[in-house]
Amino acid sequence: MKRHPTILKKETTGLLIIDIQEKISAVMKYKDSVIENTVKLVKGFQVLQLPVFITEQYRKGLGPTEAPILEVLQPEKIEEKLTFSCCAIPTFEEQMRSRGIEQIVICGIETHVCVAQTALDLLANDFQAYLVADAVSSRKKIDHKTAIERLRQQGIIITTAEAVLFELLVESRTPEFKEISKIVK
């Protein structure tokens with residue numbers, strides 16, 4: 001069966017969590033949804049044994065990643081950055097390419113700053129970028145909504161956490177389907 005080229009494939013997909021840190025997430029418009037859906041994504045990616053990458057923007061000033069995410073993730077490495085775009089991290093593109101990642105699912109904050117710049121830079125570097133609309137946020141609703149619309153216009157694929165997980169599953173006759181069904185409930 002021929003599938004649409006923007007459908008996520010397990011072999012080429014990674015999750016990128018951008019700067020969901022304690023001090024800045026406290027002032028986000030949709031904080032609870034961002035954390036809850038990011039945790040669902042992490043758990044789902046773990047079930048599917050897919051890579052998860054995480055960044056923190058200036059940890060000294062913005063604090064660590066939110067505890068609920070760290071509790072389920074226990075990352076081997078958190079990439080600290082001072083740039084807004086994750087693509088400016090010197091080893092970022094190499095990490096993606098060395099694992100065969102072509103499709104990057106993005107969640108994080110803020111939608112109109114680090115998330116938007118990363119998504120646009122991913123496109124410029126020949127990756128497919130998937131913005132998880134229910135796992136991104138900004139302080140102001142106008143910034144959040146405008147960024148999503150801008151990114152859609154530029155070719156970023158807008159999706160949701162649940163849609164991502166079921167797209168990666170492909171079918172329901174697998175043990176992973178039952179596990180992910182429990183995660184999204």
# chains A, B, ... in the order shown; residues from 1 in each chain; ligands from 1

call {"tool": "residues_around", "arguments": {"residues": "Pro5 in chain A", "least_positions_apart": "6", "cutoff": "12 Å", "atoms": "only C-alpha atoms", "output": "list in words"}}
result
Thr12, Glu102, Gln103, Gln128 and Ile157 of chain A

call {"tool": "residues_around", "arguments": {"residues": "Cys114 in chain A", "least_positions_apart": "5", "cutoff": "7 Å", "atoms": "only C-alpha atoms", "output": "list in words"}}
result
Phe84, Ser85 and Ile109 of chain A

call {"tool": "write_last_selection", "arguments": {"atoms": "N, CA and C atoms", "output": "JSON list (two decimals), in the first residue's frame"}}
result
[["chain", "number", "residue", "atom", "x", "y", "z"],
["A", 84, "PHE", "N", 17.90, 30.21, 20.36],
["A", 84, "PHE", "CA", 16.48, 29.89, 20.33],
["A", 84, "PHE", "C", 16.23, 28.61, 19.52],
["A", 85, "SER", "N", 16.84, 28.49, 18.37],
["A", 85, "SER", "CA", 16.64, 27.31, 17.54],
["A", 85, "SER", "C", 17.52, 26.15, 18.02],
["A", 109, "ILE", "N", 8.02, 24.85, 24.51],
["A", 109, "ILE", "CA", 7.67, 26.26, 24.69],
["A", 109, "ILE", "C", 8.85, 27.15, 24.31]]

call {"tool": "residues_around", "arguments": {"residues": "Ser33 in chain A", "least_positions_apart": "3", "cutoff": "8 Å", "atoms": "only C-alpha atoms", "output": "list in words"}}
result
Tyr30, Glu36, Asn37, Asp134 and Ala135 of chain A

call {"tool": "closest_residue", "arguments": {"among": "A:Ala147, A:Val184, A:Leu131, A:Leu123", "to": "Glu162 in chain A", "atoms": "only C-alpha atoms"}}
result
A:Val184

call {"tool": "atom_distance", "arguments": {"atom1": "CA of Leu70 in chain A", "atom2": "CA of Pro51 in chain A"}}
result
15.0 Å

call {"tool": "select_by_dssp", "arguments": {"residues": "range 7-147 of chain A", "states": "alpha helix (DSSP H)", "output": "PyMOL selection string"}}
result
chain A and resi 22-25+31-47+59-62+67-73+92-98+116-124+141-147

call {"tool": "residues_around", "arguments": {"residues": "range 17-23 of chain A", "least_positions_apart": "2", "cutoff": "7 Å", "atoms": "only C-alpha atoms", "output": "VMD selection string"}}
result
chain A and resid 15 25 to 26 53 to 57 62 to 66 106 to 109 115

call {"tool": "closest_residue", "arguments": {"among": "A:Ile69, A:Val47, A:Leu122, A:Ile24", "to": "Glu93 in chain A", "atoms": "only C-alpha atoms"}}
result
A:Leu122

call {"tool": "atom_distance", "arguments": {"atom1": "CA of Leu151 in chain A", "atom2": "CA of Ala116 in chain A"}}
result
6.9 Å

call {"tool": "select_by_dssp", "arguments": {"residues": "range 13-143 of chain A", "states": "strand (DSSP E or B)", "output": "NGL selection string"}}
result
:A and (13-18 or 21 or 52-57 or 65 or 79-81 or 103-109 or 128-137)

call {"tool": "write_last_selection", "arguments": {"atoms": "N, CA and C atoms", "output": "short mmCIF file (atom, residue, chain, number, x, y, z; two decimals), in the first residue's frame"}}
result
data_model
loop_
_atom_site.label_atom_id
_atom_site.label_comp_id
_atom_site.auth_asym_id
_atom_site.auth_seq_id
_atom_site.Cartn_x
_atom_site.Cartn_y
_atom_site.Cartn_z
N THR A 13 11.43 8.53 12.75
CA THR A 13 10.82 9.55 13.61
C THR A 13 11.51 9.67 14.96
N GLY A 14 11.66 10.92 15.40
CA GLY A 14 12.16 11.21 16.74
C GLY A 14 11.31 12.29 17.38
N LEU A 15 11.32 12.33 18.69
CA LEU A 15 10.58 13.34 19.45
C LEU A 15 11.56 14.36 20.00
N LEU A 16 11.22 15.63 19.85
CA LEU A 16 12.03 16.73 20.37
C LEU A 16 11.21 17.52 21.38
N ILE A 17 11.68 17.55 22.61
CA ILE A 17 11.02 18.32 23.69
C ILE A 17 11.85 19.57 23.90
N ILE A 18 11.24 20.73 23.66
CA ILE A 18 11.96 21.99 23.71
C ILE A 18 11.60 22.80 24.96
N GLN A 21 10.53 23.99 30.95
CA GLN A 21 11.24 24.19 32.21
C GLN A 21 10.37 24.89 33.25
N VAL A 52 14.05 10.03 21.90
CA VAL A 52 13.51 11.26 22.47
C VAL A 52 14.70 12.18 22.77
N PHE A 53 14.61 13.41 22.31
CA PHE A 53 15.65 14.41 22.56
C PHE A 53 15.03 15.53 23.38
N ILE A 54 15.81 16.13 24.26
CA ILE A 54 15.28 17.17 25.13
C ILE A 54 16.29 18.31 25.27
N THR A 55 15.77 19.53 25.25
CA THR A 55 16.62 20.70 25.42
C THR A 55 16.14 21.54 26.60
N GLU A 56 17.06 22.32 27.11
CA GLU A 56 16.75 23.32 28.12
C GLU A 56 17.42 24.62 27.72
N GLN A 57 16.66 25.70 27.82
CA GLN A 57 17.17 27.03 27.51
C GLN A 57 17.71 27.65 28.80
N THR A 65 13.89 21.00 33.59
CA THR A 65 12.68 20.50 32.92
C THR A 65 11.65 20.12 33.98
N GLU A 79 20.25 18.55 26.41
CA GLU A 79 21.08 19.50 25.66
C GLU A 79 20.75 20.90 26.13
N GLU A 80 21.70 21.57 26.76
CA GLU A 80 21.47 22.95 27.18
C GLU A 80 21.82 23.87 26.02
N LYS A 81 21.03 24.95 25.88
CA LYS A 81 21.27 25.86 24.78
C LYS A 81 21.04 27.30 25.21
N GLN A 103 11.94 12.73 10.30
CA GLN A 103 10.67 13.32 10.74
C GLN A 103 10.80 13.61 12.24
N ILE A 104 10.61 14.89 12.60
CA ILE A 104 10.81 15.28 13.99
C ILE A 104 9.51 15.84 14.54
N VAL A 105 9.03 15.19 15.59
CA VAL A 105 7.82 15.60 16.29
C VAL A 105 8.25 16.58 17.38
N ILE A 106 7.63 17.75 17.39
CA ILE A 106 8.06 18.83 18.29
C ILE A 106 6.98 19.17 19.30
N CYS A 107 7.41 19.23 20.57
CA CYS A 107 6.56 19.80 21.62
C CYS A 107 7.44 20.73 22.44
N GLY A 108 6.83 21.68 23.15
CA GLY A 108 7.64 22.57 23.96
C GLY A 108 7.13 23.99 24.02
N ILE A 109 8.02 24.85 24.51
CA ILE A 109 7.67 26.26 24.69
C ILE A 109 8.85 27.15 24.31
N GLN A 128 11.34 16.80 8.01
CA GLN A 128 9.91 17.08 8.12
C GLN A 128 9.65 17.42 9.58
N ALA A 129 8.95 18.51 9.82
CA ALA A 129 8.67 18.96 11.19
C ALA A 129 7.18 18.84 11.48
N TYR A 130 6.88 18.25 12.63
CA TYR A 130 5.49 18.02 13.07
C TYR A 130 5.29 18.75 14.39
N LEU A 131 4.44 19.75 14.38
CA LEU A 131 4.16 20.54 15.58
C LEU A 131 2.96 19.94 16.30
N VAL A 132 3.15 19.54 17.53
CA VAL A 132 2.07 18.94 18.31
C VAL A 132 1.30 20.09 18.99
N ALA A 133 0.18 20.47 18.39
CA ALA A 133 -0.56 21.67 18.81
C ALA A 133 -1.02 21.62 20.26
N ASP A 134 -1.30 20.43 20.78
CA ASP A 134 -1.74 20.35 22.18
C ASP A 134 -0.58 20.08 23.14
N ALA A 135 0.65 20.29 22.66
CA ALA A 135 1.83 20.13 23.52
C ALA A 135 2.83 21.26 23.28
N VAL A 136 2.31 22.42 22.85
CA VAL A 136 3.12 23.63 22.72
C VAL A 136 2.33 24.80 23.30
N SER A 137 3.05 25.84 23.73
CA SER A 137 2.37 26.99 24.30
C SER A 137 3.27 28.22 24.31
#

call {"tool": "residues_around", "arguments": {"residues": "Ile148 in chain A", "least_positions_apart": "4", "cutoff": "8 Å", "atoms": "only C-alpha atoms", "output": "list of chain:residue names"}}
result
A:Thr111, A:His112, A:Ala133, A:His144, A:Arg152, A:Ile158
